[in-house]
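*Asks:* Pasting a structure below so you can have a look.
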Amino acid sequence: MTGIDRLAQLYPWSVDPDEELRRAVVYLGWDVSATRLVRASYGCGIVGIGLTVGSAVLAPSGVRTLVTLVSATLALLAVGTLTALPRLLATAKRTRALGDAPGLVGRAVLSMRLFPSPERAASFAARSTETALSENLEQFVRRSRATNEDALRSFGSTWQTWFPALERSLAMVASAGTLSDDDRQDALDRALSVVLDGTRKQLRDFAEQIRGPVTALYAFGILLPTALVALLPAGAAAGIGVTLPAIVLVYDIALPAVLIGASAWLLAHRPAAFPPPPIRRSHPDVPDRIQTAAVAGCLAAVTGWFVAGLVCPPWARPIAALGLGVGTGLQVQFRPYLAVQKRVRAIEDGLTDALTLVGRRVSNGRSVESAVANAASALAEPTGTVFEQAAATQRQLQTDIERAFHNGSGNLSAVPSARVRESVAFLGVATAYGQPAGTAILALADHIDELQQVEDEASHALAAVCGALRSTGALFGPMVAGATVALADGVAGAGTEPLPGDATALPWLGLAVGWYVLVLAVVLPTLATGLVRGLDRALVGVRVGQALLSGTVVYLTAYLLVGGIA
């Protein structure tokens, strides 16, 4: 019996989950039902009430308030998380999937240009690459073989709620099969324009909509709390209860929970994401550096603990050890992933030129195989190398061009790019159509160029907002926090009389605020990266590692500099 089952048994009464939760659980493919999740959330609330009451009665008097508040907060978070998490995860999964919407429509359009069959177009769009959206389309393709329904139209209707342009675009593709040649080409061009324009509009509207929430998060969740640190001694002098439990509750529990919740909401409501190529640990160019990263992180943590103990108050040691240790470990572990991503991006950047050269040669009567071989010598690195190796493999093994890209020295397993794979798959299909396929290959080159422009526009639209978030997590937030902690220590030490309230609160203020600084260094770069590029593990790991290293150093340096002046 799972933990969800045990919690659900604590609330045996009937419940009625909303339709959104039901759809989210089904889309995620979870074994647990929506009804059981709701009952488990109520059961979690019952457990939370018991823990809160027990904390209020049994906890030592010195920490009773803190323990009770923490128990109540965690109980409320657990109750909400069990029902909110499936919705957020399903929305995030759809967001990531919809990044492939222009590519999927493009694949269907390319197939229709060569062979005007919506059924064949749906099958090609579903099988030419492995993405969440294409896998979902494959389900509709299989179902259509038994029910004789239009797979493209049914698939588009399913996604209409989240991306209306996809439904309109696929409806045009499906109807193009009954049109004359000239009208069909116009309809297919219009289908591509609809999905690309719809993607641009959704991302542009999202960039405008999040300015307010991000500004509010920036002001009330970051700058104001760090600036108020300097006023805590004045509050203690005025008799306000500035106690260690209160500081921990605000800076180490409440504020991080608000930041994480707001970040999850923003990420879940992004209309589409264009993540970098996914690099797995099994990639041949990614070394196994887990042990190296762990050793480097431990050495950095020990060094940080020792150095901070020499130049900073005692509370700085755990902050320096944790920030420098985790930051160093993340950098060592994920830096090789970014190097591979950079090479894959370079291959994608050269793909438009490669397809243009191949398409022109095919239009002039050359075969696809000879066009690939001739184009390889004219292409820049590293795209030229991929095409050259594929051409050599094709000549040596006398195999078809698609298999040549996937076998021998031209193996695309080292190029985990859906865009490259779907382009190669189309070249394989085009070999059967001869000279008329040249126009379709040129259209593919234009489509890929437009896709790259859409991605660049989306990144630029979000760059200003997300750049400020990254800078705050790595530099400005730690700088303000370190300065205000130093000012607070200076004000507290300037008085001749002991401050009222908890005498242990202010001396350990730097530790409580330092933990908040580390939270900022994790949450803000993750949010900024997720909004622009999606939650790619390697990219997030490197950005968070950089922020932890710089944030830790800036926080402690600002404390020392301002403390010396004060």
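Chain labels A, B, ... are given in the sequence in which chains occur in the structure tokens; within each chain residues are numbered consecutively from 1, and ligands are likewise numbered from 1 in the order shown.
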As an MDAnalysis selection string, please: every residue in segment 22-149 of chain A that DSSP puts in helix (DSSP H, G or I).

*Replies:* chainID A and resid 22:28 34:58 64:98 101:114 118:127 132:147

*Asks:* Would you mind listing what lies within 12 Å of His406 of chain A as a list of chain:residue names, with only C-alpha atoms counted and same-chain residues fewer than 2 positions away left out?

*Replies:*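 In the requested format, the answer is A:Val386, A:Phe387, A:Gln389, A:Ala390, A:Ala391, A:Thr393, A:Gln394, A:Thr399, A:Asp400, A:Ile401, A:Glu402, A:Arg403, A:Ala404, A:Gly408, A:Ser409, A:Gly410, A:Asn411, A:Leu412, A:Ser413, A:Ala414, A:Val415, A:Pro416, A:Val420, A:Arg421, A:Val424, A:Ala425, A:Gly428.
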
*Asks:* I'd like the neighbourhood of Val513 of chain A as a count of residues only, where a residue qualifies if any of its atoms comes within 12 Å (using only C-alpha atoms), though same-chain residues fewer than 3 positions away should be ignored.

*Replies:* 47

*Asks:* With segment 194-214 of chain A as the partner and 9 Å as the cut-off, tabulate the residues of segment 11-126 of chain A that qualify, each row holding the nearest pair of atoms and their distance in Å to one decimal, using only C-alpha atoms, sorted by chain and rising number, as JSON lines.

*Replies:*
{"residue": "A:Gly99", "atom": "CA", "partner": "A:Thr199", "partner_atom": "CA", "distance": 8.6}
{"residue": "A:Ala101", "atom": "CA", "partner": "A:Val195", "partner_atom": "CA", "distance": 7.4}
{"residue": "A:Pro102", "atom": "CA", "partner": "A:Val195", "partner_atom": "CA", "distance": 5.8}
{"residue": "A:Val105", "atom": "CA", "partner": "A:Val195", "partner_atom": "CA", "distance": 7.5}

*Asks:* Tell me, as a PyMOL selection string, which residues lie within 8 Å of segment 9-18 of chain A, counting only C-alpha atoms; anything in the same chain fewer than 4 positions away does not count.

*Replies:* chain A and resi 5+22+34-35+38-40+42-43+46

*Asks:* I want to know what sits within 6 Å of Arg533 of chain A, based on only C-alpha atoms, with residues of the same chain fewer than 3 positions away left out; could you give that as an MDAnalysis selection string?

*Replies:* chainID A and resid 274:275 529:530

*Asks:* Restricting the calculation to only C-alpha atoms, which member of A:Thr95, A:Thr52, A:Ser363, A:Ser550 is positioned closest to Trp162 of chain A?

*Replies:*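 Checking each of A:Thr95, A:Thr52, A:Ser363, A:Ser550 against Trp162 of chain A, counting only C-alpha atoms, the winner is A:Thr95.
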
*Asks:* Find the residues near Leu299 of chain A: any atom within 10 Å, counting only C-alpha atoms, skip ones fewer than 6 places away on the same chain, and give them as a PyMOL selection string.

*Replies:* chain A and resi 293+305+321+324-325+328-329

*Asks:* Give me the residues within 10 Å of Asp446 of chain A as a PDB file with all heavy atoms, in the first residue's frame, counting only C-alpha atoms and dropping any in the same chain fewer than 3 places off.

*Replies:*
ATOM      1  N   THR A 352      19.762  25.004 -42.104  1.00  0.00           N
ATOM      2  CA  THR A 352      19.066  25.738 -43.172  1.00  0.00           C
ATOM      3  C   THR A 352      19.924  25.814 -44.416  1.00  0.00           C
ATOM      4  O   THR A 352      19.442  25.568 -45.546  1.00  0.00           O
ATOM      5  CB  THR A 352      18.710  27.152 -42.682  1.00  0.00           C
ATOM      6  OG1 THR A 352      17.839  27.062 -41.550  1.00  0.00           O
ATOM      7  CG2 THR A 352      18.010  27.933 -43.779  1.00  0.00           C
ATOM      8  N   ASP A 353      21.203  26.145 -44.249  1.00  0.00           N
ATOM      9  CA  ASP A 353      22.108  26.203 -45.415  1.00  0.00           C
ATOM     10  C   ASP A 353      22.247  24.837 -46.073  1.00  0.00           C
ATOM     11  O   ASP A 353      22.261  24.728 -47.307  1.00  0.00           O
ATOM     12  CB  ASP A 353      23.483  26.711 -44.975  1.00  0.00           C
ATOM     13  CG  ASP A 353      23.440  28.148 -44.485  1.00  0.00           C
ATOM     14  OD1 ASP A 353      22.507  28.874 -44.867  1.00  0.00           O
ATOM     15  OD2 ASP A 353      24.334  28.530 -43.706  1.00  0.00           O
ATOM     16  N   LEU A 355      20.110  22.251 -46.110  1.00  0.00           N
ATOM     17  CA  LEU A 355      18.900  21.860 -46.837  1.00  0.00           C
ATOM     18  C   LEU A 355      18.698  22.711 -48.085  1.00  0.00           C
ATOM     19  O   LEU A 355      18.189  22.235 -49.101  1.00  0.00           O
ATOM     20  CB  LEU A 355      17.690  21.973 -45.912  1.00  0.00           C
ATOM     21  CG  LEU A 355      17.661  20.975 -44.754  1.00  0.00           C
ATOM     22  CD1 LEU A 355      16.523  21.294 -43.807  1.00  0.00           C
ATOM     23  CD2 LEU A 355      17.525  19.544 -45.275  1.00  0.00           C
ATOM     24  N   THR A 356      19.096  23.987 -48.014  1.00  0.00           N
ATOM     25  CA  THR A 356      18.987  24.844 -49.198  1.00  0.00           C
ATOM     26  C   THR A 356      19.880  24.326 -50.324  1.00  0.00           C
ATOM     27  O   THR A 356      19.459  24.244 -51.492  1.00  0.00           O
ATOM     28  CB  THR A 356      19.372  26.286 -48.844  1.00  0.00           C
ATOM     29  OG1 THR A 356      18.480  26.779 -47.827  1.00  0.00           O
ATOM     30  CG2 THR A 356      19.287  27.189 -50.062  1.00  0.00           C
ATOM     31  N   ALA A 440      10.120  20.880 -52.118  1.00  0.00           N
ATOM     32  CA  ALA A 440       9.714  20.586 -50.742  1.00  0.00           C
ATOM     33  C   ALA A 440      10.894  20.705 -49.785  1.00  0.00           C
ATOM     34  O   ALA A 440      10.738  21.171 -48.654  1.00  0.00           O
ATOM     35  CB  ALA A 440       9.117  19.182 -50.664  1.00  0.00           C
ATOM     36  N   ILE A 441      12.090  20.295 -50.229  1.00  0.00           N
ATOM     37  CA  ILE A 441      13.277  20.419 -49.368  1.00  0.00           C
ATOM     38  C   ILE A 441      13.606  21.890 -49.131  1.00  0.00           C
ATOM     39  O   ILE A 441      13.958  22.295 -48.024  1.00  0.00           O
ATOM     40  CB  ILE A 441      14.466  19.669 -49.992  1.00  0.00           C
ATOM     41  CG1 ILE A 441      14.173  18.171 -50.062  1.00  0.00           C
ATOM     42  CG2 ILE A 441      15.741  19.911 -49.181  1.00  0.00           C
ATOM     43  CD1 ILE A 441      15.228  17.373 -50.813  1.00  0.00           C
ATOM     44  N   LEU A 442      13.476  22.709 -50.177  1.00  0.00           N
ATOM     45  CA  LEU A 442      13.690  24.151 -50.000  1.00  0.00           C
ATOM     46  C   LEU A 442      12.653  24.742 -49.055  1.00  0.00           C
ATOM     47  O   LEU A 442      12.966  25.627 -48.248  1.00  0.00           O
ATOM     48  CB  LEU A 442      13.626  24.849 -51.363  1.00  0.00           C
ATOM     49  CG  LEU A 442      14.794  24.570 -52.315  1.00  0.00           C
ATOM     50  CD1 LEU A 442      14.521  25.162 -53.689  1.00  0.00           C
ATOM     51  CD2 LEU A 442      16.093  25.141 -51.744  1.00  0.00           C
ATOM     52  N   ALA A 443      11.419  24.259 -49.135  1.00  0.00           N
ATOM     53  CA  ALA A 443      10.384  24.729 -48.205  1.00  0.00           C
ATOM     54  C   ALA A 443      10.719  24.333 -46.772  1.00  0.00           C
ATOM     55  O   ALA A 443      10.466  25.095 -45.828  1.00  0.00           O
ATOM     56  CB  ALA A 443       9.021  24.164 -48.612  1.00  0.00           C
ATOM     57  N   ASP A 449      14.214  27.915 -40.838  1.00  0.00           N
ATOM     58  CA  ASP A 449      14.682  29.279 -40.612  1.00  0.00           C
ATOM     59  C   ASP A 449      13.632  30.101 -39.857  1.00  0.00           C
ATOM     60  O   ASP A 449      13.963  30.864 -38.944  1.00  0.00           O
ATOM     61  CB  ASP A 449      15.011  29.932 -41.952  1.00  0.00           C
ATOM     62  CG  ASP A 449      15.652  31.298 -41.772  1.00  0.00           C
ATOM     63  OD1 ASP A 449      16.672  31.394 -41.067  1.00  0.00           O
ATOM     64  OD2 ASP A 449      15.135  32.276 -42.337  1.00  0.00           O
ATOM     65  N   GLU A 450      12.365  29.934 -40.203  1.00  0.00           N
ATOM     66  CA  GLU A 450      11.296  30.644 -39.512  1.00  0.00           C
ATOM     67  C   GLU A 450      11.166  30.165 -38.065  1.00  0.00           C
ATOM     68  O   GLU A 450      10.914  30.968 -37.159  1.00  0.00           O
ATOM     69  CB  GLU A 450       9.980  30.449 -40.259  1.00  0.00           C
ATOM     70  CG  GLU A 450       9.908  31.177 -41.595  1.00  0.00           C
ATOM     71  CD  GLU A 450       8.613  30.917 -42.323  1.00  0.00           C
ATOM     72  OE1 GLU A 450       7.983  29.875 -42.051  1.00  0.00           O
ATOM     73  OE2 GLU A 450       8.215  31.748 -43.152  1.00  0.00           O
ATOM     74  N   LEU A 451      11.329  28.859 -37.840  1.00  0.00           N
ATOM     75  CA  LEU A 451      11.274  28.334 -36.479  1.00  0.00           C
ATOM     76  C   LEU A 451      12.371  28.939 -35.612  1.00  0.00           C
ATOM     77  O   LEU A 451      12.131  29.311 -34.448  1.00  0.00           O
ATOM     78  CB  LEU A 451      11.420  26.809 -36.499  1.00  0.00           C
ATOM     79  CG  LEU A 451      10.197  25.987 -36.896  1.00  0.00           C
ATOM     80  CD1 LEU A 451      10.543  24.506 -36.899  1.00  0.00           C
ATOM     81  CD2 LEU A 451       9.036  26.245 -35.956  1.00  0.00           C
TER      82      LEU A 451
END

*Asks:* With distances taken over only C-alpha atoms, which of A:Pro277, A:Pro436, A:Gly3, A:Pro314 is nearest to Ala339 of chain A?

*Replies:*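 With only C-alpha atoms as the atom set, the closest residue is A:Pro277.
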
*Asks:* Return the single residue from A:Val344, A:Val368, A:Ala521, A:Val562 that is closest to Leu548 of chain A, with distances computed using only C-alpha atoms.

*Replies:*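 Closest candidate: A:Ala521.
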
*Asks:* Looking at only C-alpha atoms, which of A:Arg419, A:Glu381, A:Ile448, A:Asp31 is the one that sits closest to Leu192 of chain A?

*Replies:*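 Looking only at the distances to Leu192 of chain A, the closest residue turns out to be A:Ile448.
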
*Asks:* What is the distance, in Å and to one decimal place, between atom CA of Val26 of chain A and atom CA of Glu149 of chain A?

*Replies:*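 That distance, rounded to one decimal, is 22.3 Å.
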
*Asks:* Can you measure atom CA of Pro525 of chain A to atom CA of Leu469 of chain A for me? One decimal in Å is fine.

*Replies:* 6.8 Å

*Asks:* If you measure from atom CA of Pro278 of chain A to atom CA of Phe426 of chain A, what distance in Å do you get, rounded to one decimal?

*Replies:*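 According to the coordinates, atom CA of Pro278 of chain A and atom CA of Phe426 of chain A are separated by 21.6 Å.
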
*Asks:* With a cut-off of 12 Å, could you pull out the residues of segment 259-279 of chain A touching segment 163-175 of chain A and give me the nearest pair of atoms for each, distance in Å to one decimal, using only C-alpha atoms, ordered by chain and ascending number, as a Markdown table?

*Replies:*
| residue | atom | partner | partner_atom | distance |
| --- | --- | --- | --- | --- |
| A:Arg270 | CA | A:Phe163 | CA | 11.7 |
| A:Pro271 | CA | A:Phe163 | CA | 8.0 |
| A:Ala272 | CA | A:Phe163 | CA | 9.1 |

*Asks:* Nearest to Cys44 of chain A: which of A:Thr65, A:Tyr27, A:Leu351, A:Leu82 is it, counting only C-alpha atoms?

*Replies:*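 For Cys44 of chain A, the nearest of the candidates is A:Leu82.
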